[in-house]
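Visitor: One structure follows; several queries about it will come next.
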Amino acid sequence: MLSIAMTMMLLSGAAPDLSGAYGALPKCAETYDVVLRPDKDEAEWWAGAPSVMQDRDAVFWMACRMRTADAPRGLRGYEIRILRSDDGVKFEKAQSILRDQVPIPGFERPALLADPVTGKCKLYACGPWKEGPWTIIKFDDADSPAAINPATARPVIAPCAKEYERDVPPEEYKDPVIIHAGGVYHAWVIGYMRRLERIYHFTSPDGEQWKPVGDPHESVMNPTGWHDFFVRPAAVVPAGLGYFFIYEGSKTTWHDPVYNVVTGLGFTFDLDHIIDLTPDKPLFASTTPNEDFHTWRYSSWLRVGKELWCYAEVATPNKTHEIRRFRFPVE
């Protein structure tokens, strides 16, 4: 579990002062390792949306989304790349799932995790299913992430039908964050509600059949404060009595808030009610921004020994995005 010292570091000494649009950035975000760059070192080419796990042999596996500049916005994710590493820094490609193999018009964030009983690997993704709305999809479980079969993709969390003519349920779901806790699977997803991104919570006994927690119209966090444009799930990290809920968002007054997404911190005791620990300012933004973007998003957090490792998609000066690893002591 995470220590009180870790919590205090995040919320006091490392927390940014409120100055400018994003605040002064925490010192702990200045040291990192680059683990994956985009396929082209050109603006709008991105490597990002990492989801990282360790298997029973302590091998690191990462699923991430590769993005091109040469496609319509919203459909630029051309590949879910699966990579393997012995040390969590030097990754090698183990498999590529291309959008044409599913088929799907485009990908965004995947979610990779191990079944706690069987040890098999589960991979979820998202995209416009059968040219319809954005939907959470799942592939058949496999002994290794490298063995996942692209042809087995199928929808598992899809938008629900309207109950009456002017009903306004979420229209689409994307970017799953999935963990196993308390004997069940939990998923937090972005839901589009009248074109606003909010956070919705689902549970499942087996990772296949999912049901919303509470009213399917109601999100677990709402657009407010510095995240009054979008608020989205990023990661959930066990922390003793409860869980850190890492979220991300953007503000209406920022440049291009659809993509200028940065990261905040919350806490939850029950995985459904979120206490916002950074309501006035984000916790993390890029320390290498360009003239338009401070993006620091899609973070995946993993306990490794006495450290917490974070993998995140971060903006660079030439408007590419790359995946970086950050390290934080927890004891």
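Chain labels A, B, ... are given in the sequence in which chains occur in the structure tokens; within each chain residues are numbered consecutively from 1, and ligands are likewise numbered from 1 in the order shown.
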Which of segment 32-245 of chain A end up as strand (DSSP E or B) when DSSP is run on this backbone - answer as a PyMOL selection string?

Guide: chain A and resi 33-36+46-54+60-67+77-85+92-98+111-114+121-128+134-138+142+154-157+173-181+184-193+196-204+211-212+224+227+230-239+242-245

Visitor: Using only C-alpha atoms, what does the table of segment 92-185 of chain A residues within 12 Å of segment 41-58 of chain A look like, with each row giving the shortest atom pair and its distance in Å to one decimal, sorted by chain and ascending number, as CSV?

Guide:
residue,atom,partner,partner_atom,distance
A:Phe107,CA,A:Ala49,CA,10.2
A:Glu108,CA,A:Ala49,CA,7.3
A:Arg109,CA,A:Ala49,CA,5.0
A:Pro110,CA,A:Ser51,CA,6.6
A:Ala111,CA,A:Ser51,CA,5.5
A:Leu112,CA,A:Ser51,CA,5.7
A:Leu113,CA,A:Met53,CA,6.0
A:Ala114,CA,A:Asp55,CA,7.1
A:Asp115,CA,A:Asp55,CA,10.0
A:Pro116,CA,A:Arg56,CA,10.0
A:Val117,CA,A:Arg56,CA,11.5
A:Thr118,CA,A:Arg56,CA,10.8
A:Gly119,CA,A:Arg56,CA,7.4
A:Lys120,CA,A:Asp55,CA,8.9
A:Cys121,CA,A:Asp55,CA,8.5
A:Lys122,CA,A:Met53,CA,10.7
A:Leu123,CA,A:Ser51,CA,9.6
A:Tyr124,CA,A:Ser51,CA,10.1
A:Ala125,CA,A:Ser51,CA,10.6
A:Cys126,CA,A:Ala49,CA,11.7
A:Asp143,CA,A:Asp55,CA,10.1
A:Ser144,CA,A:Asp55,CA,8.7
A:Pro145,CA,A:Asp55,CA,9.7
A:Lys174,CA,A:Ala49,CA,11.9
A:Asp175,CA,A:Ala49,CA,8.6
A:Pro176,CA,A:Ser51,CA,10.0
A:Val177,CA,A:Ser51,CA,8.7
A:Ile178,CA,A:Ser51,CA,9.8
A:Ile179,CA,A:Met53,CA,10.9

Visitor: Include N, CA and C atoms and write out the residues we just selected as a CSV table (one decimal), in the first residue's frame.

Guide:
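And here is the file that came out, again-v6.csv:
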chain,number,residue,atom,x,y,z
A,107,PHE,N,-8.6,3.4,-33.0
A,107,PHE,CA,-8.5,3.0,-31.6
A,107,PHE,C,-8.2,4.3,-30.7
A,108,GLU,N,-8.6,4.1,-29.4
A,108,GLU,CA,-8.0,5.0,-28.4
A,108,GLU,C,-7.4,4.1,-27.3
A,109,ARG,N,-7.6,4.5,-26.0
A,109,ARG,CA,-6.9,3.8,-25.0
A,109,ARG,C,-7.3,2.4,-24.8
A,110,PRO,N,-6.3,1.5,-24.7
A,110,PRO,CA,-6.5,0.1,-24.3
A,110,PRO,C,-6.4,-0.1,-22.8
A,111,ALA,N,-6.8,-1.2,-22.3
A,111,ALA,CA,-6.7,-1.6,-20.9
A,111,ALA,C,-6.2,-3.0,-20.8
A,112,LEU,N,-5.0,-3.3,-20.2
A,112,LEU,CA,-4.4,-4.6,-20.1
A,112,LEU,C,-4.3,-5.0,-18.7
A,113,LEU,N,-4.7,-6.2,-18.3
A,113,LEU,CA,-4.6,-6.7,-17.0
A,113,LEU,C,-4.6,-8.2,-17.0
A,114,ALA,N,-4.2,-8.8,-15.8
A,114,ALA,CA,-4.2,-10.2,-15.7
A,114,ALA,C,-5.4,-10.7,-14.9
A,115,ASP,N,-5.9,-11.8,-15.3
A,115,ASP,CA,-7.0,-12.5,-14.5
A,115,ASP,C,-6.4,-13.0,-13.2
A,116,PRO,N,-6.9,-12.6,-12.0
A,116,PRO,CA,-6.2,-13.0,-10.8
A,116,PRO,C,-6.3,-14.5,-10.5
A,117,VAL,N,-7.2,-15.2,-11.1
A,117,VAL,CA,-7.4,-16.6,-10.9
A,117,VAL,C,-6.7,-17.4,-11.9
A,118,THR,N,-6.9,-17.2,-13.2
A,118,THR,CA,-6.3,-18.0,-14.3
A,118,THR,C,-4.9,-17.5,-14.6
A,119,GLY,N,-4.6,-16.2,-14.4
A,119,GLY,CA,-3.3,-15.7,-14.8
A,119,GLY,C,-3.3,-15.2,-16.2
A,120,LYS,N,-4.4,-15.5,-17.0
A,120,LYS,CA,-4.4,-15.1,-18.4
A,120,LYS,C,-4.6,-13.6,-18.5
A,121,CYS,N,-4.2,-13.1,-19.7
A,121,CYS,CA,-4.2,-11.7,-19.9
A,121,CYS,C,-5.5,-11.3,-20.6
A,122,LYS,N,-6.1,-10.2,-20.1
A,122,LYS,CA,-7.3,-9.6,-20.6
A,122,LYS,C,-6.9,-8.2,-21.3
A,123,LEU,N,-7.4,-8.0,-22.5
A,123,LEU,CA,-7.2,-6.8,-23.2
A,123,LEU,C,-8.5,-6.2,-23.7
A,124,TYR,N,-8.7,-4.9,-23.3
A,124,TYR,CA,-9.9,-4.2,-23.7
A,124,TYR,C,-9.4,-3.0,-24.6
A,125,ALA,N,-10.3,-2.5,-25.4
A,125,ALA,CA,-9.9,-1.3,-26.2
A,125,ALA,C,-11.2,-0.6,-26.5
A,126,CYS,N,-11.2,0.4,-27.4
A,126,CYS,CA,-12.4,1.1,-27.7
A,126,CYS,C,-12.3,1.7,-29.1
A,143,ASP,N,-2.9,-16.6,-23.0
A,143,ASP,CA,-1.8,-16.9,-22.0
A,143,ASP,C,-0.8,-15.8,-21.9
A,144,SER,N,-0.6,-15.0,-23.0
A,144,SER,CA,0.3,-13.9,-23.0
A,144,SER,C,-0.3,-12.8,-23.8
A,145,PRO,N,0.0,-11.5,-23.5
A,145,PRO,CA,-0.5,-10.4,-24.3
A,145,PRO,C,0.0,-10.6,-25.8
A,174,LYS,N,-15.6,5.3,-24.0
A,174,LYS,CA,-14.3,5.1,-24.5
A,174,LYS,C,-13.3,5.1,-23.4
A,175,ASP,N,-12.0,4.7,-23.6
A,175,ASP,CA,-10.9,4.9,-22.7
A,175,ASP,C,-11.1,4.1,-21.4
A,176,PRO,N,-11.2,2.8,-21.4
A,176,PRO,CA,-11.5,2.1,-20.2
A,176,PRO,C,-10.3,2.1,-19.2
A,177,VAL,N,-10.5,2.2,-17.9
A,177,VAL,CA,-9.6,1.9,-16.9
A,177,VAL,C,-10.2,0.8,-16.0
A,178,ILE,N,-9.5,-0.4,-16.0
A,178,ILE,CA,-10.1,-1.6,-15.4
A,178,ILE,C,-9.2,-2.2,-14.4
A,179,ILE,N,-9.7,-2.5,-13.2
A,179,ILE,CA,-9.0,-3.3,-12.2
A,179,ILE,C,-9.9,-4.4,-11.6

Visitor: For Leu265 of chain A, which residue among A:Tyr311, A:Ile323, A:Arg232, A:Asp292 is the nearest when counting only C-alpha atoms?

Guide: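 Checking each of A:Tyr311, A:Ile323, A:Arg232, A:Asp292 against Leu265 of chain A, counting only C-alpha atoms, the winner is A:Arg232.
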
Visitor: Val220 of chain A: which residues within 12 Å, counting only C-alpha atoms, same-chain residues fewer than 2 positions away excluded, as a PyMOL selection string?

Guide: chain A and resi 187-191+197-202+212-218+222-223+231-233+245+247+266-268+270-276

Visitor: Write out the residues from the selection above, keeping C-alpha atoms, as a PDB file, in the first residue's frame.

Guide:
ATOM      1  CA  ALA A 187     -14.291  -0.271 -15.100  1.00  0.00           C
ATOM      2  CA  TRP A 188     -14.264   3.502 -15.287  1.00  0.00           C
ATOM      3  CA  VAL A 189     -14.847   4.882 -18.751  1.00  0.00           C
ATOM      4  CA  ILE A 190     -15.289   8.204 -20.463  1.00  0.00           C
ATOM      5  CA  GLY A 191     -18.925   8.737 -21.339  1.00  0.00           C
ATOM      6  CA  GLU A 197     -16.659  13.923 -21.268  1.00  0.00           C
ATOM      7  CA  ARG A 198     -17.478  12.579 -17.817  1.00  0.00           C
ATOM      8  CA  ILE A 199     -16.598   9.469 -15.803  1.00  0.00           C
ATOM      9  CA  TYR A 200     -18.899   6.431 -15.517  1.00  0.00           C
ATOM     10  CA  HIS A 201     -18.432   3.353 -13.347  1.00  0.00           C
ATOM     11  CA  PHE A 202     -19.292  -0.266 -14.260  1.00  0.00           C
ATOM     12  CA  PRO A 212     -23.460   0.368 -14.449  1.00  0.00           C
ATOM     13  CA  VAL A 213     -23.038   1.221 -10.791  1.00  0.00           C
ATOM     14  CA  GLY A 214     -26.059   3.264  -9.763  1.00  0.00           C
ATOM     15  CA  ASP A 215     -27.924   5.403 -12.260  1.00  0.00           C
ATOM     16  CA  PRO A 216     -26.315   5.067 -15.727  1.00  0.00           C
ATOM     17  CA  HIS A 217     -26.956   8.786 -16.327  1.00  0.00           C
ATOM     18  CA  GLU A 218     -24.873   9.872 -13.319  1.00  0.00           C
ATOM     19  CA  ASN A 222     -18.388  16.272 -12.888  1.00  0.00           C
ATOM     20  CA  PRO A 223     -16.835  19.105 -14.917  1.00  0.00           C
ATOM     21  CA  VAL A 231     -13.088  15.185 -16.655  1.00  0.00           C
ATOM     22  CA  ARG A 232     -11.848  11.651 -17.403  1.00  0.00           C
ATOM     23  CA  PRO A 233     -10.532   8.544 -15.575  1.00  0.00           C
ATOM     24  CA  PHE A 245      -8.189   7.931  -8.109  1.00  0.00           C
ATOM     25  CA  TYR A 247      -8.117  11.600 -13.115  1.00  0.00           C
ATOM     26  CA  GLY A 266      -8.626  12.072  -6.083  1.00  0.00           C
ATOM     27  CA  PHE A 267      -9.322   9.497  -3.386  1.00  0.00           C
ATOM     28  CA  THR A 268     -12.097   6.946  -2.930  1.00  0.00           C
ATOM     29  CA  ASP A 270     -15.656   2.592  -2.117  1.00  0.00           C
ATOM     30  CA  LEU A 271     -14.454   2.969  -5.761  1.00  0.00           C
ATOM     31  CA  ASP A 272     -17.569   4.993  -6.632  1.00  0.00           C
ATOM     32  CA  HIS A 273     -17.572   8.188  -4.551  1.00  0.00           C
ATOM     33  CA  ILE A 274     -14.548  10.304  -5.434  1.00  0.00           C
ATOM     34  CA  ILE A 275     -13.007  12.998  -3.217  1.00  0.00           C
ATOM     35  CA  ASP A 276     -11.190  15.526  -5.398  1.00  0.00           C
TER      36      ASP A 276
END

Visitor: Find the residue from A:Pro279, A:Pro103, A:Gly127, A:Pro238 that sits nearest to Pro150 of chain A; use only C-alpha atoms when measuring.

Guide: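 Answer, going by the shortest atom-to-atom distance: A:Pro103.
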
Visitor: Please report the interatomic distance between atom CA of Phe269 of chain A and atom CA of Met221 of chain A in Å with one decimal.

Guide: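 Value for the atom CA of Phe269 of chain A-atom CA of Met221 of chain A distance: 14.6 Å.
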
Visitor: Give the answer as one residue: which of A:Val184, A:Val89, A:Leu83, A:Cys310 has the shortest atom-to-atom distance to Val237 of chain A, using only C-alpha atoms?

Guide: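 Smallest separation from Val237 of chain A among the options: A:Cys310.
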
Visitor: DSSP on the backbone, then: every residue of segment 95-263 of chain A marked helix (DSSP H, G or I), written as a list in words.

Guide: Arg99, Asp100, Gln101, Trp129, Lys130, Glu131, Pro145, Ala146, Ala147, Pro150, Ala151 and Thr152 of chain A

Visitor: With only C-alpha atoms as the counted atoms, please give the residues lying no more than 10 Å from Glu92 of chain A, apart from itself and same-chain residues fewer than 4 positions off, as a list of chain:residue names.

Guide: A:Val35, A:Leu36, A:Trp61, A:Met62, A:Ile82, A:Leu83, A:Arg84, A:Ser85, A:Asp86

Visitor: With only C-alpha atoms as the atoms that count, which of A:Phe284, A:Trp226, A:Trp309, A:Tyr298 lies nearest to Pro257 of chain A?

Guide: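 For Pro257 of chain A, the nearest of the given residues is A:Trp226.
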
Visitor: For Ala315 of chain A, list every protein, DNA or RNA residue within 8 Å, evaluated using only C-alpha atoms, and leave out those in the same chain fewer than 3 positions away; present the list as a tab-separated table (two decimals) with N, CA and C atoms, in the first residue's frame.

Guide:
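After the write, selection39.tsv holds the following:
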chain	number	residue	atom	x	y	z
A	286	SER	N	2.82	18.65	-18.65
A	286	SER	CA	4.11	18.42	-19.28
A	286	SER	C	5.13	19.47	-18.85
A	288	THR	N	7.75	19.67	-20.64
A	288	THR	CA	8.35	19.97	-21.95
A	288	THR	C	7.24	20.37	-22.92
A	289	PRO	N	6.49	21.42	-22.60
A	289	PRO	CA	5.35	21.77	-23.45
A	289	PRO	C	5.79	22.40	-24.76
A	290	ASN	N	4.86	22.52	-25.69
A	290	ASN	CA	5.07	23.33	-26.89
A	290	ASN	C	4.21	24.58	-26.76
A	293	PHE	N	0.38	23.09	-26.23
A	293	PHE	CA	-0.09	21.99	-25.38
A	293	PHE	C	0.85	21.69	-24.23
A	294	HIS	N	0.24	21.46	-23.04
A	294	HIS	CA	0.92	20.97	-21.84
A	294	HIS	C	0.45	19.55	-21.51
A	295	THR	N	-0.01	18.81	-22.48
A	295	THR	CA	-0.69	17.54	-22.24
A	295	THR	C	0.15	16.56	-21.42
A	296	TRP	N	-0.48	15.99	-20.36
A	296	TRP	CA	0.08	14.93	-19.51
A	296	TRP	C	-1.12	14.08	-19.12
A	319	LYS	N	5.41	19.00	-30.73
A	319	LYS	CA	4.00	18.59	-30.86
A	319	LYS	C	3.81	17.10	-31.14
A	320	THR	N	4.83	16.30	-30.85
A	320	THR	CA	4.60	14.86	-30.76
A	320	THR	C	4.21	14.56	-29.32
A	321	HIS	N	3.74	13.34	-29.08
A	321	HIS	CA	3.53	12.82	-27.73
A	321	HIS	C	4.35	11.55	-27.60
A	322	GLU	N	4.94	11.34	-26.41
A	322	GLU	CA	5.72	10.15	-26.15
A	322	GLU	C	5.31	9.56	-24.81

Visitor: Go through A:Val304, A:Ala239, A:Ala142, A:Val262 one by one, measure the shortest atom-to-atom distance of each to Ala285 of chain A using only C-alpha atoms, and give the residue with the smallest value.

Guide: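 Selected residue with least distance to Ala285 of chain A: A:Val262.
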
Visitor: Just how far from atom CA of Gly207 of chain A is atom CA of Met66 of chain A, in Å to one decimal?

Guide: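 Interatomic distance, atom CA of Met66 of chain A to atom CA of Gly207 of chain A: 25.0 Å.
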